[in-house]
>>> print(open('upload-v9.cif').read())   # mmCIF, C-alpha atoms
data_entry
#
loop_
_atom_site.label_atom_id
_atom_site.label_comp_id
_atom_site.auth_asym_id
_atom_site.auth_seq_id
_atom_site.Cartn_x
_atom_site.Cartn_y
_atom_site.Cartn_z
CA MET A 222 64.54 102.87 95.61
CA LYS A 223 65.46 103.65 99.22
CA ILE A 224 66.52 107.27 99.69
CA ALA A 225 67.79 108.84 102.91
CA VAL A 226 68.45 112.42 103.91
CA ILE A 227 71.66 112.97 105.88
CA ILE A 228 71.89 116.04 108.12
CA PRO A 229 75.22 116.58 109.89
CA VAL A 230 74.52 118.72 112.95
CA LYS A 231 77.25 120.61 114.73
CA THR A 232 76.90 121.12 118.47
CA PHE A 233 74.62 124.13 118.75
CA SER A 234 76.90 126.02 121.13
CA LYS A 235 79.73 125.80 118.58
CA ALA A 236 77.66 126.69 115.54
CA LYS A 237 77.07 129.95 113.72
CA THR A 238 79.88 131.95 115.30
CA ARG A 239 79.67 134.54 112.51
CA LEU A 240 76.18 135.57 113.59
CA ASP A 241 77.66 137.46 116.53
CA ILE A 242 74.67 136.83 118.80
CA SER A 243 74.45 135.24 122.24
CA SER A 244 74.97 131.49 122.59
CA ASP A 245 71.42 131.14 123.91
CA LYS A 246 70.00 132.73 120.77
CA VAL A 247 72.26 130.63 118.55
CA GLU A 248 71.03 127.43 120.19
CA LYS A 249 67.37 128.47 119.84
CA LEU A 250 67.92 129.43 116.20
CA CYS A 251 69.72 126.16 115.40
CA LYS A 252 66.91 124.16 116.98
CA VAL A 253 64.19 126.00 115.04
CA MET A 254 66.02 125.62 111.73
CA LEU A 255 66.85 121.95 112.25
CA GLU A 256 63.34 120.97 113.27
CA GLU A 257 61.89 122.65 110.19
CA ILE A 258 64.30 120.82 107.89
CA VAL A 259 63.74 117.45 109.57
CA GLN A 260 59.98 117.87 109.42
CA THR A 261 60.10 118.87 105.75
CA ALA A 262 62.29 115.92 104.79
CA THR A 263 60.24 113.49 106.87
CA ILE A 264 56.92 114.33 105.22
CA SER A 265 58.38 114.04 101.73
CA PRO A 266 56.81 110.87 100.27
CA ARG A 267 60.01 110.01 98.41
CA ILE A 268 62.31 110.07 101.45
CA ASP A 269 62.49 106.81 103.41
CA LYS A 270 64.57 107.96 106.36
CA VAL A 271 66.16 111.06 107.86
CA ILE A 272 69.59 110.48 109.40
CA ILE A 273 71.01 113.04 111.84
CA VAL A 274 74.71 112.77 112.68
CA THR A 275 75.51 114.70 115.84
CA LYS A 276 76.68 114.85 119.44
CA GLU A 277 74.20 117.60 120.31
CA PRO A 278 71.89 116.35 123.12
CA ALA A 279 69.05 118.71 122.16
CA VAL A 280 68.61 116.91 118.84
CA THR A 281 67.18 113.82 120.53
CA GLU A 282 63.78 115.40 121.08
CA ILE A 283 63.53 116.47 117.44
CA ALA A 284 64.61 113.05 116.17
CA GLN A 285 62.05 111.25 118.32
CA LYS A 286 59.29 113.62 117.26
CA TYR A 287 59.84 112.90 113.56
CA ASN A 288 61.14 109.33 113.80
CA ALA A 289 64.58 110.34 112.52
CA HIS A 290 67.59 108.15 113.21
CA ILE A 291 70.51 109.61 115.19
CA ILE A 292 74.08 108.48 114.57
CA PRO A 293 76.38 109.61 117.40
CA ASP A 294 79.30 111.76 116.28
CA GLU A 295 81.41 111.80 119.42
CA ASN A 296 84.53 113.26 117.79
CA GLU A 297 82.74 115.88 115.67
CA GLU A 298 85.80 116.20 113.45
CA SER A 299 84.14 117.59 110.34
CA VAL A 300 81.10 117.47 108.12
CA ASN A 301 82.95 114.98 105.93
CA SER A 302 83.56 112.56 108.80
CA ALA A 303 79.91 112.91 109.85
CA VAL A 304 78.72 112.06 106.35
CA ALA A 305 81.08 109.07 106.28
CA LEU A 306 79.42 107.72 109.45
CA ALA A 307 76.01 108.04 107.78
CA ASP A 308 77.27 106.44 104.57
CA LYS A 309 78.40 103.37 106.50
CA PHE A 310 75.02 103.03 108.20
CA LEU A 311 73.09 103.46 104.94
CA LEU A 312 75.21 100.93 103.05
CA GLU A 313 74.74 98.40 105.84
CA ASN A 314 70.98 98.97 105.65
CA ASN A 315 70.66 98.66 101.88
CA PHE A 316 69.84 102.25 100.98
CA ASP A 317 70.29 103.19 97.33
CA ALA A 318 70.84 106.95 97.46
CA SER A 319 71.34 109.80 99.90
CA ILE A 320 70.87 113.55 100.02
CA VAL A 321 73.17 115.52 102.30
CA LEU A 322 71.51 118.69 103.60
CA PRO A 323 72.92 121.32 105.99
CA GLN A 324 71.24 122.23 109.27
CA ASP A 325 70.61 125.84 108.22
CA ILE A 326 68.22 125.89 105.24
CA PRO A 327 64.88 126.31 107.07
CA TYR A 328 62.95 127.55 104.05
CA ILE A 329 63.24 124.22 102.21
CA LYS A 330 59.91 122.74 101.12
CA THR A 331 58.88 119.22 100.13
CA GLN A 332 58.39 120.30 96.53
CA ASP A 333 62.04 121.37 96.47
CA ILE A 334 63.06 117.81 97.30
CA ASP A 335 60.69 116.46 94.65
CA PHE A 336 62.10 118.86 92.08
CA MET A 337 65.64 117.75 92.88
CA LEU A 338 64.69 114.09 92.58
CA ASN A 339 63.37 114.69 89.07
CA PHE A 340 67.01 114.91 87.94
CA MET A 341 67.85 111.37 89.04
CA THR A 342 69.54 109.22 86.41
CA PRO A 343 70.14 105.78 87.99
CA PRO A 344 72.15 103.72 88.55
CA ASN A 345 75.08 106.16 89.01
CA PHE A 346 74.58 109.88 89.42
CA ALA A 347 75.23 112.98 91.49
CA ILE A 348 73.02 116.04 91.94
CA ILE A 349 74.50 119.20 93.42
CA ILE A 350 72.77 122.37 94.60
CA PRO A 351 75.11 125.25 95.50
CA SER A 352 74.72 127.86 98.20
CA ARG A 353 73.42 131.31 97.35
CA ARG A 354 77.00 132.62 97.09
CA PHE A 355 78.14 129.61 95.04
CA ASP A 356 80.89 128.84 97.56
CA GLY A 357 79.28 125.91 99.36
CA THR A 358 77.14 122.82 98.72
CA ASN A 359 73.61 123.03 100.10
CA ALA A 360 72.45 119.68 98.74
CA LEU A 361 74.44 116.72 97.50
CA MET A 362 72.66 113.63 96.23
CA ARG A 363 74.66 110.50 95.45
CA MET A 364 73.78 107.13 93.99
CA PRO A 365 75.19 104.76 94.98
CA ILE A 366 75.77 105.95 98.55
CA ASP A 367 79.54 105.61 98.19
CA LEU A 368 79.77 107.10 94.71
CA MET A 369 82.24 109.70 96.00
CA LYS A 370 83.64 111.10 99.21
CA THR A 371 82.43 114.52 100.29
CA HIS A 372 84.58 117.65 100.44
CA TYR A 373 82.82 120.14 102.66
CA ASP A 374 85.38 122.90 102.98
CA GLU A 375 86.41 126.02 101.07
CA ASP A 376 84.63 126.12 97.69
CA SER A 377 82.98 122.73 98.30
CA TYR A 378 80.50 123.31 95.48
CA LYS A 379 83.19 123.40 92.79
CA ILE A 380 85.13 120.55 94.38
CA HIS A 381 82.02 118.38 94.54
CA MET A 382 81.22 119.11 90.90
CA ASN A 383 84.71 118.13 89.78
CA THR A 384 84.88 115.08 92.04
CA ALA A 385 81.49 113.81 90.91
CA LYS A 386 82.56 114.04 87.27
CA GLU A 387 85.48 111.76 88.05
CA HIS A 388 83.05 109.02 89.08
CA THR A 389 80.05 109.37 86.76
CA LEU A 390 78.95 111.11 83.59
CA ASN A 391 75.57 111.80 85.18
CA VAL A 392 76.19 114.97 87.17
CA ALA A 393 73.46 117.60 87.44
CA MET A 394 73.87 121.11 88.79
CA VAL A 395 70.43 122.18 90.00
CA PHE A 396 69.23 125.56 91.26
CA VAL A 397 66.54 125.48 93.94
CA LYS A 398 66.32 128.87 95.60
CA ARG A 399 64.98 127.78 98.98
CA ILE A 400 67.70 125.15 99.33
CA MET A 401 70.32 127.72 98.30
CA TRP A 402 69.30 130.06 101.14
CA ASP A 403 71.52 129.08 104.06
CA VAL A 404 72.43 131.04 107.19
CA ASP A 405 76.06 131.94 107.85
CA ASN A 406 75.81 135.53 109.03
CA MET A 407 73.32 138.28 109.86
CA GLU A 408 73.08 139.32 106.24
CA ASP A 409 71.76 135.83 105.44
CA LEU A 410 69.25 135.99 108.28
CA ASN A 411 68.03 139.42 107.18
CA PHE A 412 67.74 138.08 103.62
CA LEU A 413 65.56 135.21 104.86
CA LEU A 414 63.34 137.56 106.79
CA GLU A 415 62.73 139.57 103.63
CA GLN A 416 61.34 136.52 101.84
CA GLU A 417 57.72 135.45 102.15
CA GLU A 418 58.21 131.70 101.80
CA LYS A 419 57.62 130.55 105.40
CA PRO A 420 56.03 133.24 107.58
CA HIS A 421 55.86 130.92 110.60
CA ILE A 422 59.63 130.41 110.53
CA ALA A 423 60.30 134.11 109.95
CA LYS A 424 58.16 134.85 113.00
CA LYS A 425 60.14 132.41 115.16
CA ILE A 426 63.45 133.89 113.96
CA ARG A 427 62.27 137.43 114.76
CA GLU A 428 61.18 136.33 118.22
CA ILE A 429 64.58 134.74 118.89
CA LEU A 430 66.44 137.82 117.66
CA GLU A 431 63.93 140.12 119.32
CA ILE A 432 63.22 141.90 116.06
CA SER A 433 59.85 143.53 115.55
CA GLU A 434 58.07 143.15 112.23
#
>>> encode(input="upload-v9.cif", output="structure tokens")
Amino acid sequence: MKIAVIIPVKTFSKAKTRLDISSDKVEKLCKVMLEEIVQTATISPRIDKVIIVTKEPAVTEIAQKYNAHIIPDENEESVNSAVALADKFLLENNFDASIVLPQDIPYIKTQDIDFMLNFMTPPNFAIIIPSRRFDGTNALMRMPIDLMKTHYDEDSYKIHMNTAKEHTLNVAMVFVKRIMWDVDNMEDLNFLLEQEEKPHIAKKIREILEISE
């Protein structure tokens, strides 16, 4: 089974506006988080390819470092349109399943991906991991690739659950804490810094934000 990870990446300068920090710090933070996620997905033995959909020039270095494939997203309309671009590529290249991950879950570990994959029920299934606040979707696995369209907007977690059930009886809601920890605002960042899951990432975040331990 060929499985790909899809990571839609918004232009760094336009991302994370709710953090209320300088654009320079936002860009550094986005780069640190993305590289950690790409590295984690790449070293997972059950992931065949990492696909990054973006128009952000700074992503090229990360993609080359970890042999990820970049799909240009010149219009950057939405996460849904970015995923659709990846879906087309994966279908054309005979992939069986995909996992959509956001660019802001830096505490994800390879065992989290393995745990998620334990819930696979081929040939048709969807696995959904919500955000910490249960208002977003922090992981969406689909088999086949075009099982359903994505709905990344308000309350995407509930919409994805309901949409998946329209297409297959095999829908699993899975809770993986490190995947559920995303970064939308300073409260989320402070929450991450309180955890002891990835000290090296916490250190980088503190350095960017100029926060002492």
>>> closest_residue(input="upload-v9.cif", among="A:Val397, A:Ile366, A:Leu338, A:Val247", to="Pro351 (chain A)", atoms="only C-alpha atoms")
A:Val397
>>> closest_residue(input="upload-v9.cif", among="A:Phe340, A:Phe355, A:Phe233, A:Tyr287", to="Val259 (chain A)", atoms="all atoms listed in the file")
A:Tyr287
>>> resolve_selection(input="upload-v9.cif", expression="the PyMOL selection byres ((chain A and resi 403) around 9)", output="ChimeraX atom specification")
/A:323-328,352-353,359,399-402,404-405,409-410,413
>>> closest_residue(input="upload-v9.cif", among="A:Ala318, A:Ile228, A:Met369, A:Ala360", to="Thr275 (chain A)", atoms="all atoms listed in the file")
A:Ile228
>>> resolve_selection(input="upload-v9.cif", expression="the PyMOL selection byres ((chain A and resi 344) around 12)", output="list of chain:residue names")
A:Met222, A:Asp317, A:Ala318, A:Met341, A:Thr342, A:Pro343, A:Asn345, A:Phe346, A:Ala347, A:Arg363, A:Met364, A:Pro365, A:Ile366, A:Leu368, A:Thr389, A:Leu390, A:Asn391
>>> write_last_selection(input="upload-v9.cif", atoms="C-alpha atoms", output="PDB file, in the frame of the given file")
ATOM      1  CA  MET A 222      64.540 102.870  95.610  1.00  0.00           C
ATOM      2  CA  ASP A 317      70.290 103.190  97.330  1.00  0.00           C
ATOM      3  CA  ALA A 318      70.840 106.950  97.460  1.00  0.00           C
ATOM      4  CA  MET A 341      67.850 111.370  89.040  1.00  0.00           C
ATOM      5  CA  THR A 342      69.540 109.220  86.410  1.00  0.00           C
ATOM      6  CA  PRO A 343      70.140 105.780  87.990  1.00  0.00           C
ATOM      7  CA  ASN A 345      75.080 106.160  89.010  1.00  0.00           C
ATOM      8  CA  PHE A 346      74.580 109.880  89.420  1.00  0.00           C
ATOM      9  CA  ALA A 347      75.230 112.980  91.490  1.00  0.00           C
ATOM     10  CA  ARG A 363      74.660 110.500  95.450  1.00  0.00           C
ATOM     11  CA  MET A 364      73.780 107.130  93.990  1.00  0.00           C
ATOM     12  CA  PRO A 365      75.190 104.760  94.980  1.00  0.00           C
ATOM     13  CA  ILE A 366      75.770 105.950  98.550  1.00  0.00           C
ATOM     14  CA  LEU A 368      79.770 107.100  94.710  1.00  0.00           C
ATOM     15  CA  THR A 389      80.050 109.370  86.760  1.00  0.00           C
ATOM     16  CA  LEU A 390      78.950 111.110  83.590  1.00  0.00           C
ATOM     17  CA  ASN A 391      75.570 111.800  85.180  1.00  0.00           C
TER      18      ASN A 391
END
>>> resolve_selection(input="upload-v9.cif", expression="the PyMOL selection byres ((chain A and resi 380) around 12)", output="count of residues only")
25
>>> closest_residue(input="upload-v9.cif", among="A:His421, A:Lys270, A:Arg239, A:Lys231", to="Ser302 (chain A)", atoms="all atoms listed in the file")
A:Lys231
>>> residues_around(input="upload-v9.cif", residues="Asn411 (chain A)", least_positions_apart="4", cutoff="10 Å", atoms="all atoms listed in the file", output="CSV table (one decimal) with C-alpha atoms, keeping the file's coordinate frame")
chain,number,residue,atom,x,y,z
A,404,VAL,CA,72.4,131.0,107.2
A,406,ASN,CA,75.8,135.5,109.0
A,407,MET,CA,73.3,138.3,109.9
A,415,GLU,CA,62.7,139.6,103.6
A,416,GLN,CA,61.3,136.5,101.8
A,423,ALA,CA,60.3,134.1,110.0
A,426,ILE,CA,63.4,133.9,114.0
A,427,ARG,CA,62.3,137.4,114.8
>>> atom_distance(input="upload-v9.cif", atom1="CA of Glu298 (chain A)", atom2="CA of Ile224 (chain A)")
25.3 Å
>>> closest_residue(input="upload-v9.cif", among="A:Ile350, A:Val226, A:Ala303, A:Ala289", to="Val395 (chain A)", atoms="all atoms listed in the file")
A:Ile350
>>> atom_distance(input="upload-v9.cif", atom1="CA of Ile432 (chain A)", atom2="CA of Lys246 (chain A)")
12.3 Å
>>> residues_around(input="upload-v9.cif", residues="Val274 (chain A)", least_positions_apart="2", cutoff="6 Å", atoms="all atoms listed in the file", output="NGL selection string")
:A and (229-230 or 291-294 or 303)
>>> write_last_selection(input="upload-v9.cif", atoms="C-alpha atoms", output="short mmCIF file (atom, residue, chain, number, x, y, z; two decimals), in the coordinates of the input")
data_model
loop_
_atom_site.label_atom_id
_atom_site.label_comp_id
_atom_site.auth_asym_id
_atom_site.auth_seq_id
_atom_site.Cartn_x
_atom_site.Cartn_y
_atom_site.Cartn_z
CA PRO A 229 75.22 116.58 109.89
CA VAL A 230 74.52 118.72 112.95
CA ILE A 291 70.51 109.61 115.19
CA ILE A 292 74.08 108.48 114.57
CA PRO A 293 76.38 109.61 117.40
CA ASP A 294 79.30 111.76 116.28
CA ALA A 303 79.91 112.91 109.85
#
>>> atom_distance(input="upload-v9.cif", atom1="CA of Leu250 (chain A)", atom2="CA of Lys330 (chain A)")
18.3 Å
>>> closest_residue(input="upload-v9.cif", among="A:Glu295, A:Glu417, A:Glu256, A:Glu248", to="Glu282 (chain A)", atoms="all atoms listed in the file")
A:Glu256
